[in-house]
Structure formats: structure tokens, C-alpha cells
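Colleague: Attaching a single structure in C-alpha cells format; questions to follow.
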Amino acid sequence: MDFLRTVEPAPIGTAPTAALPKSRSNSSLSSSTSTENSPTLCEQARDNLGVADNDATVLSHSRELCFLDLTTSDLNISEALGGRSTATIECLRVNRCRMDSRAFARLVDDLCSDDLACLHTVDVSQNQLSGVEAGVALARLLSHAKAVRFLSLGWNKLSLADLRPIAETTAVSWTCNVACLDLRANPLTAPYKRPSKKLSKHYPVHEINDDEWIGSLVARMPELTHVQLAQATVGDKPLISLLYALTRSGSNVEYIGLEWLGLGNRLSALRTIMSNLTAPSRALHLNLSSNYLGDNGVEVVATSGAVLSSLTLACNFITERGTGILAKWLPLSGLGSLDLSDNYFGDQGVISLLATHTSDANAGVPAKSSGNYYTQLTVLGLTSCCLSDTSLRLIADALACKWAPLESLRILRNSRMSPGSKLLL
């Protein structure tokens with residue numbers, strides 16, 4: 001049909017223009033964003049320069065400092081600058097350098113000795129940052145480089161409490177402009193250790209009550225729109241507190257990635273998280289991929305009263321029962337984009353998902369003069385769901401309704417479909 005269009009998803013993790021996936025975009029339909037895409041914010045710099053993976057080198061762009069596969073003793077800012085001013089640097093990337101917190105603090109000291117007016121991307125993922133010393137160094141860097149928008153801390157040894165110095169800086173009115181925060185694959189539950197007297201003297205803090213500091217941390221980042229927590233080790237209480245702070249009234253957060261957190265075995269926490277999303281201040285895309293939710297987890301999501309614009313449930317062992325639960329919830333959810341890729345529910349799952357229920361009329365779904373199937377979604381991901389030509393005919397029937405708003409459909413890697421069957425659409 002002439003109004004149906006399929007759009008390939010934009011790569012996630014490319015800096016500086018699209019460090020993280022955006023809400024209600026087709027990039028949300030990638031079912032394995034945490035593994036297929038680069039874990040760093042500026043991976044393209046390496047590819048553009050043609051550097052091999054086994055090269056241990058310092059890359060110097062006119063507007064970038066890039067340290068890859070080095071030892072901490074080789075992290076020399078002055079040498080990497082080569083006579084350039086730090087005021088011209090826009091991206092700092094230090095990856096796979098086994099950099100610990102002490103080396104990071106020295107790096108920050110060197111950087112903050114001059115102007116960092118243009119620095120908008122800081123990527124220190126895949127190192128060994130840990131402890132409150134790393135948080136103190138981050139607080140100093142963010143307060144000095146006020147233009148930083150993309151902050152990647154993934155694949156380190158940071159706990160959520162290690163970031164507490166950012167919330168407890170003595171500059172009470174200070175805020176940073178970070179929009180995209182990457183905390184993937186960190187042990188976020190590790191306990192808080194108070195700064196030593198030496199650290200407190202270097203960067204004084206005022207202590208905040210344990211129940212308030214997570215909210216204060218998020219409040220320091222009022223421009224935050226995208227948060228990645230995939231593969232992190234985090235307990236129920238800090239996770240609930242963090243997500244509550246991220247989605248509070250007035251928040252600008254558009255995307256939260258919660259992949260690989262094992263929420264299928266933590267349904268009580270999932271229920272609390274979803275029940276706090278009944279009135280988000282912004283259109284929100286929630287990624288719950290690879291959480292082993294099953295149909296019981298889908299039922300928790302659907303009965304929570306959550307209001308979302310986009311939801312990713314890829315790779316969650318959802319059956320036709322789960323798609324039926326989703327179908328009843330969709331008219332009430334406000335959902336526009338749904339990704340169910342890598343759930344092998346087959347044709348029966350599509351029948352359950354697209355079937356028109358008697359309650360739909362009360363939820364604002366228009367009555368149809370013909371056909372038995374309808375979808376209110378604008379984006380639907382059904383990649384690798386064991387679908388056959390039967391599913392295509394059902395989707396075509398749903399699209400025959402003039403009210404159907406579907407704009408993007410992903411049906412790749414469904415081997416049971418016959419060649420040329422997509423012409424049905």
C-alpha cells in the first residue's frame with residue numbers, strides 16, 4: 001500500500017549526533033542494541049581513521065583526543081594535543097586502557113588546567129573506574145566542561161553510589177548539560193564509601209540523606225534525555241529510586257534502556273517501576289529486551305497502567321498468550337511503537353495481537369466496516385518471530401482499514417515466509 005513504508009533503523013552509539021536511540025524512532029526496533037552496536041559514544045572515529053583493532057595508539061583529530069588500547073602511563077594529554085589548545089577539543093575518548101580511578105583523576109587534572117569550552121563528548125567506557133575517587137573526578141570534569149552532552153561510563157566497575165559526589169558538590173546551584181548517560185555493565189549496587197579527607201579537601205561536598213541523593217543526582221542533569229542501564233548489576237531499591245527520579249514530573253527523559261537486568265525474575269520490582277509510569281512528563285521509550293519476562297512479565301506490564309509512546313519487548317519468550325494480553329492493553333496504553341522481535345510466537349501470536357476485541361470500541365478504536373483485524377501502532381517490529389504467509393495476510397487485512405496508522409513494519413528473518421509473499425502488503 002502506498003502509505004506503508006519500511007525504514008532501516010539508525011545505528012545506536014554514534015557520536016556526536018545520535019549517541020543513543022531516540023524515542024519513537026525506527027532505531028527502537030533493533031532487538032539487540034546492546035550487542036550489535038558499539039558500546040562507545042564515538043566508535044566511528046576509529047573506523048574513519050582506518051585503525052585496526054589490534055593497534056595500540058593515540059589518535060589525534062583536530063577536534064578529538066582518542067586513546068585506545070594503551071597503558072595508563074601512556075595517557076599523556078600534552079603529547080596527544082600536539083600543541084593544540086584544549087579549547088578546540090570536542091570529543092575525548094579513552095577505551096580499553098585499563099585506566100583506574102587514580103589515573104582518571106590525573107587525566108581530569110590535566111584537562112581542567114585549561115579551557116574545555118567545546119568538549120561535548122566524554123567516553124571513558126571499557127576501563128577500570130571505580131570508587132568515590134572516580135565520582136569526585138567526574139564532578140570536577142562536568143563542572144569545568146559545561147558543554148558535555150554525551151557521557152559514556154559503560155563497562156567499568158562503577159556503583160551508582162560512586163556518582164554521589166556529583167549530587168553533593170558544594171555548588172548548590174550547579175547543574176551540568178549531560179543529555180545522554182551510559183552506565184551499561186557496571187556493578188551499580190555496590191555500597192557507598194565516604195570520600196577521604198584528602199578528596200573532600202580537593203573537592204568539598206555536603207552530604208545528602210540516603211533517601212534523597214539519587215534524586216539530587218538526577219536533578220544535577222536537567223537536560224538528560226537518554227539513559228542506558230543494560231547489563232548493569234543493580235538491586236531493586238536503587239533501580240526503583242533511579243527510575244522514579246528519571247521519570248518525575250518535569251523530567252526530559254525520552255529513552256530508558258533496561259536490557260539484560262533479569263526483570264523476569266523480579267516481577268515485584270517491575271510492577272513498581274511500571275506503576276510509576278502512569279503519567280510521564282514526556283513521550284517515553286522503554287526498552288525491556290532480553291529480560292526473560294515471559295507472558296507473566298507481559299501481564300505485569302499490561303496491568304500496571306503505564307503510559308508509554310514506545311516499548312521494546314524483544315527476546316523475552318513471549319507466546320501467543322502474551323500477545324493477546326498486549327492486544328487488550330494497547331488501546332489504553334497510548335503506545336505507538338512496539339517491538340516484539342525474537343519472540344517465537346508464530347502466526348497464532350499475530351492473530352492474538354491484531355484481533356479486534358469488543359472493549360476496543362470503548363477505548364476509541366473506530367469500528368470497521370470489514371475485516372477482523374486492526375492495529376493502532378505506527379511502528380511494529382516482528383523480526384524473527386517464526387511467521388509465515390498467514391501472518392502477512394493478517395497484517396494486510398489490518399492495513400486494509402483506512403484508520404490503520406502503521407508506517408514502519410519490520411518482518412525480517414522469518415524463514416517460513418515464501419519468496420515474494422511480502423507483495424501482499
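Residues are referred to by chain and number: the chain letter is A, B, ... according to the order shown in the C-alpha cells, the number counts from 1 in that chain, and ligands are numbered separately from 1 in the order shown.
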So which residues of region 186-364 of chain A fall under helix (DSSP H, G or I) by DSSP, listed as a PDB file with C-alpha atoms, in the first residue's frame?
Modeller:
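The file below, selection.pdb, is the result:
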ATOM      1  CA  LYS A 197      39.650  13.793  53.967  1.00  0.00           C
ATOM      2  CA  LYS A 198      42.149  14.397  51.177  1.00  0.00           C
ATOM      3  CA  LEU A 199      39.476  14.011  48.485  1.00  0.00           C
ATOM      4  CA  SER A 200      36.949  16.121  50.403  1.00  0.00           C
ATOM      5  CA  LYS A 201      39.512  18.893  50.707  1.00  0.00           C
ATOM      6  CA  HIS A 202      40.276  18.696  46.990  1.00  0.00           C
ATOM      7  CA  TRP A 213      20.772  11.767  46.911  1.00  0.00           C
ATOM      8  CA  ILE A 214      19.641   9.803  43.821  1.00  0.00           C
ATOM      9  CA  GLY A 215      17.016  12.466  43.147  1.00  0.00           C
ATOM     10  CA  SER A 216      19.663  15.132  43.687  1.00  0.00           C
ATOM     11  CA  LEU A 217      21.986  13.348  41.248  1.00  0.00           C
ATOM     12  CA  VAL A 218      19.334  13.355  38.518  1.00  0.00           C
ATOM     13  CA  ALA A 219      18.453  16.960  39.362  1.00  0.00           C
ATOM     14  CA  ASP A 236      15.527  -3.447  43.257  1.00  0.00           C
ATOM     15  CA  LYS A 237      15.564  -0.460  45.623  1.00  0.00           C
ATOM     16  CA  PRO A 238      18.227   1.669  43.844  1.00  0.00           C
ATOM     17  CA  LEU A 239      16.746   0.779  40.445  1.00  0.00           C
ATOM     18  CA  ILE A 240      13.253   1.849  41.501  1.00  0.00           C
ATOM     19  CA  SER A 241      14.599   5.045  43.095  1.00  0.00           C
ATOM     20  CA  LEU A 242      16.628   5.914  39.999  1.00  0.00           C
ATOM     21  CA  LEU A 243      13.772   5.331  37.551  1.00  0.00           C
ATOM     22  CA  TYR A 244      11.367   7.269  39.749  1.00  0.00           C
ATOM     23  CA  ALA A 245      13.774  10.217  39.698  1.00  0.00           C
ATOM     24  CA  LEU A 246      14.264   9.913  35.942  1.00  0.00           C
ATOM     25  CA  LEU A 263      13.441  -8.451  35.458  1.00  0.00           C
ATOM     26  CA  GLY A 264      11.521 -11.621  34.627  1.00  0.00           C
ATOM     27  CA  ASN A 265      12.697 -12.954  37.984  1.00  0.00           C
ATOM     28  CA  LEU A 267       8.325  -9.084  38.856  1.00  0.00           C
ATOM     29  CA  SER A 268       7.615  -7.146  42.041  1.00  0.00           C
ATOM     30  CA  ALA A 269      10.265  -4.565  41.102  1.00  0.00           C
ATOM     31  CA  LEU A 270       8.976  -4.494  37.509  1.00  0.00           C
ATOM     32  CA  ARG A 271       5.431  -3.847  38.761  1.00  0.00           C
ATOM     33  CA  THR A 272       6.621  -0.911  40.880  1.00  0.00           C
ATOM     34  CA  ILE A 273       8.682   0.513  38.019  1.00  0.00           C
ATOM     35  CA  MET A 274       5.800   0.318  35.551  1.00  0.00           C
ATOM     36  CA  SER A 275       3.242   1.711  38.015  1.00  0.00           C
ATOM     37  CA  GLY A 294       7.613 -14.376  29.503  1.00  0.00           C
ATOM     38  CA  ASP A 295       3.849 -13.989  29.460  1.00  0.00           C
ATOM     39  CA  ASN A 296       3.706 -13.318  33.207  1.00  0.00           C
ATOM     40  CA  GLY A 297       6.047 -10.339  32.815  1.00  0.00           C
ATOM     41  CA  VAL A 298       3.965  -9.057  29.901  1.00  0.00           C
ATOM     42  CA  GLU A 299       0.884  -9.275  32.126  1.00  0.00           C
ATOM     43  CA  VAL A 300       2.643  -7.165  34.776  1.00  0.00           C
ATOM     44  CA  VAL A 301       3.457  -4.533  32.130  1.00  0.00           C
ATOM     45  CA  ALA A 302      -0.066  -4.549  30.691  1.00  0.00           C
ATOM     46  CA  GLU A 320       0.505 -16.073  21.765  1.00  0.00           C
ATOM     47  CA  ARG A 321      -0.971 -15.666  25.256  1.00  0.00           C
ATOM     48  CA  GLY A 322       1.334 -12.695  25.842  1.00  0.00           C
ATOM     49  CA  THR A 323       0.450 -11.059  22.520  1.00  0.00           C
ATOM     50  CA  GLY A 324      -3.241 -11.427  23.405  1.00  0.00           C
ATOM     51  CA  ILE A 325      -2.612  -9.630  26.699  1.00  0.00           C
ATOM     52  CA  LEU A 326      -0.796  -6.863  24.831  1.00  0.00           C
ATOM     53  CA  ALA A 327      -3.637  -6.517  22.318  1.00  0.00           C
ATOM     54  CA  LYS A 328      -6.149  -5.781  25.104  1.00  0.00           C
ATOM     55  CA  TRP A 329      -3.759  -3.249  26.687  1.00  0.00           C
ATOM     56  CA  LEU A 330      -2.758  -1.356  23.526  1.00  0.00           C
ATOM     57  CA  PRO A 331      -5.884   0.845  23.190  1.00  0.00           C
ATOM     58  CA  LEU A 332      -5.410   2.093  26.760  1.00  0.00           C
ATOM     59  CA  SER A 333      -1.628   2.452  26.680  1.00  0.00           C
ATOM     60  CA  GLY A 346       4.342 -17.619  15.267  1.00  0.00           C
ATOM     61  CA  ASP A 347       1.154 -16.885  13.350  1.00  0.00           C
ATOM     62  CA  GLN A 348      -1.101 -17.517  16.349  1.00  0.00           C
ATOM     63  CA  GLY A 349       0.680 -14.690  18.181  1.00  0.00           C
ATOM     64  CA  VAL A 350      -0.056 -12.271  15.332  1.00  0.00           C
ATOM     65  CA  ILE A 351      -3.701 -13.364  15.346  1.00  0.00           C
ATOM     66  CA  SER A 352      -3.868 -12.588  19.076  1.00  0.00           C
ATOM     67  CA  LEU A 353      -2.068  -9.254  18.653  1.00  0.00           C
ATOM     68  CA  LEU A 354      -4.181  -7.908  15.797  1.00  0.00           C
ATOM     69  CA  THR A 358     -15.115  -5.904  21.994  1.00  0.00           C
ATOM     70  CA  SER A 359     -13.581  -3.488  24.501  1.00  0.00           C
ATOM     71  CA  ASP A 360     -11.747  -1.613  21.749  1.00  0.00           C
ATOM     72  CA  ALA A 361     -14.788   0.485  20.844  1.00  0.00           C
ATOM     73  CA  ASN A 362     -14.866   1.904  24.349  1.00  0.00           C
ATOM     74  CA  ALA A 363     -11.165   2.730  24.094  1.00  0.00           C
TER      75      ALA A 363
END
Colleague: Within 9 Å of Cys97 (chain A), counting only C-alpha atoms, which residues show up once you throw out same-chain ones fewer than 4 positions away? Write them as a count of residues only, please.
Modeller: 10
Colleague: Of the residues A:Leu153, A:Val136, A:Leu129, A:Val148, which is the one nearest to Ile89 (chain A), using only C-alpha atoms?
Modeller: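 With only C-alpha atoms as the atom set, the closest residue is A:Val148.
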Colleague: Mind listing the strand (DSSP E or B) residues of region 156-349 of chain A, per DSSP on the backbone, as a tab-separated table (two decimals) with N, CA and C atoms, in the first residue's frame?
Modeller:
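Output contents, as saved in part-v3.tsv:
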chain	number	residue	atom	x	y	z
A	169	THR	N	28.09	18.14	45.49
A	169	THR	CA	29.02	19.26	45.36
A	169	THR	C	28.50	20.47	46.12
A	180	CYS	N	22.87	12.46	27.40
A	180	CYS	CA	22.91	11.01	27.21
A	180	CYS	C	23.90	10.40	28.20
A	181	LEU	N	23.42	9.51	29.06
A	181	LEU	CA	24.24	8.90	30.10
A	181	LEU	C	24.25	7.39	29.90
A	182	ASP	N	25.45	6.82	29.76
A	182	ASP	CA	25.61	5.40	29.54
A	182	ASP	C	26.29	4.76	30.75
A	205	VAL	N	32.29	18.49	49.51
A	205	VAL	CA	30.91	18.11	49.28
A	205	VAL	C	30.09	18.37	50.53
A	226	HIS	N	18.41	10.53	27.53
A	226	HIS	CA	18.63	9.12	27.23
A	226	HIS	C	19.52	8.48	28.31
A	227	VAL	N	19.07	7.34	28.85
A	227	VAL	CA	19.82	6.64	29.90
A	227	VAL	C	19.92	5.18	29.53
A	228	GLN	N	21.15	4.65	29.56
A	228	GLN	CA	21.40	3.25	29.24
A	228	GLN	C	21.86	2.52	30.51
A	255	TYR	N	14.20	8.16	26.69
A	255	TYR	CA	14.58	6.77	26.46
A	255	TYR	C	15.26	6.20	27.70
A	256	ILE	N	14.83	5.00	28.12
A	256	ILE	CA	15.48	4.28	29.21
A	256	ILE	C	15.72	2.86	28.75
A	257	GLY	N	16.98	2.43	28.75
A	257	GLY	CA	17.34	1.08	28.33
A	257	GLY	C	17.59	0.18	29.53
A	285	HIS	N	10.22	6.09	25.63
A	285	HIS	CA	10.52	4.78	25.04
A	285	HIS	C	11.23	3.95	26.10
A	286	LEU	N	10.64	2.80	26.45
A	286	LEU	CA	11.21	1.90	27.44
A	286	LEU	C	11.67	0.62	26.74
A	287	ASN	N	12.94	0.26	26.94
A	287	ASN	CA	13.49	-0.94	26.33
A	287	ASN	C	13.66	-2.02	27.40
A	310	SER	N	6.58	4.23	23.28
A	310	SER	CA	7.31	3.19	22.56
A	310	SER	C	7.81	2.16	23.55
A	311	LEU	N	7.71	0.88	23.18
A	311	LEU	CA	8.10	-0.21	24.07
A	311	LEU	C	8.80	-1.30	23.27
A	312	THR	N	9.96	-1.74	23.76
A	312	THR	CA	10.70	-2.84	23.14
A	312	THR	C	10.66	-4.04	24.08
A	337	SER	N	4.67	2.61	19.18
A	337	SER	CA	5.73	1.76	18.63
A	337	SER	C	5.92	0.54	19.55
A	338	LEU	N	5.94	-0.64	18.94
A	338	LEU	CA	6.10	-1.88	19.70
A	338	LEU	C	7.03	-2.82	18.96
A	339	ASP	N	8.06	-3.30	19.63
A	339	ASP	CA	9.00	-4.25	19.04
A	339	ASP	C	8.90	-5.58	19.77
Colleague: Compile the contact shell of Leu406 (chain A) as a ChimeraX atom specification: residues with an atom at most 8 Å away, counting only C-alpha atoms, same-chain residues fewer than 2 positions apart removed.
Modeller: /A:4,375-380,399,404,408-409
Colleague: Restricting the calculation to only C-alpha atoms: of A:Asp100, A:Asp115, A:Glu90, A:Asp110, which residue gets closest to Val132 (chain A)?
Modeller: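 Using only C-alpha atoms, the shortest distance to Val132 (chain A) belongs to A:Asp100.
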Colleague: Go through A:Ala314, A:Ala139, A:Ile77, A:Thr233 and flag the residue nearest Asn156 (chain A), using only C-alpha atoms for the distances.
Modeller: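 Between A:Ala314, A:Ala139, A:Ile77, A:Thr233, the residue approaching Asn156 (chain A) most closely is A:Thr233.
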Colleague: Could you check which of A:Glu133, A:Asp342, A:Glu223, A:Asp123 is closest to Thr175 (chain A), using only C-alpha atoms?
Modeller: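 So, comparing all the options, the nearest one is A:Glu223.
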Colleague: What's the separation between CA of Arg98 (chain A) and CA of Asp162 (chain A), in Å to one decimal place?
Modeller: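 Separation of CA of Arg98 (chain A) and CA of Asp162 (chain A): 18.2 Å.
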Colleague: What separation in Å, quoted to one decimal, exists between CA of Ile166 (chain A) and CA of Leu65 (chain A)?
Modeller: 24.1 Å
Colleague: Can you work out which one of A:Ser130, A:Ser249, A:Thr189, A:Asn177 has the shortest atom-to-atom distance to Thr225 (chain A), counting only C-alpha atoms?
Modeller: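 For Thr225 (chain A), the nearest of the given residues is A:Asn177.
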Colleague: Figure out the distance between CA of Ser309 (chain A) and CA of Ala283 (chain A), please, to one decimal in Å.
Modeller: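 Rounded to one decimal, the two atoms are 5.4 Å apart.
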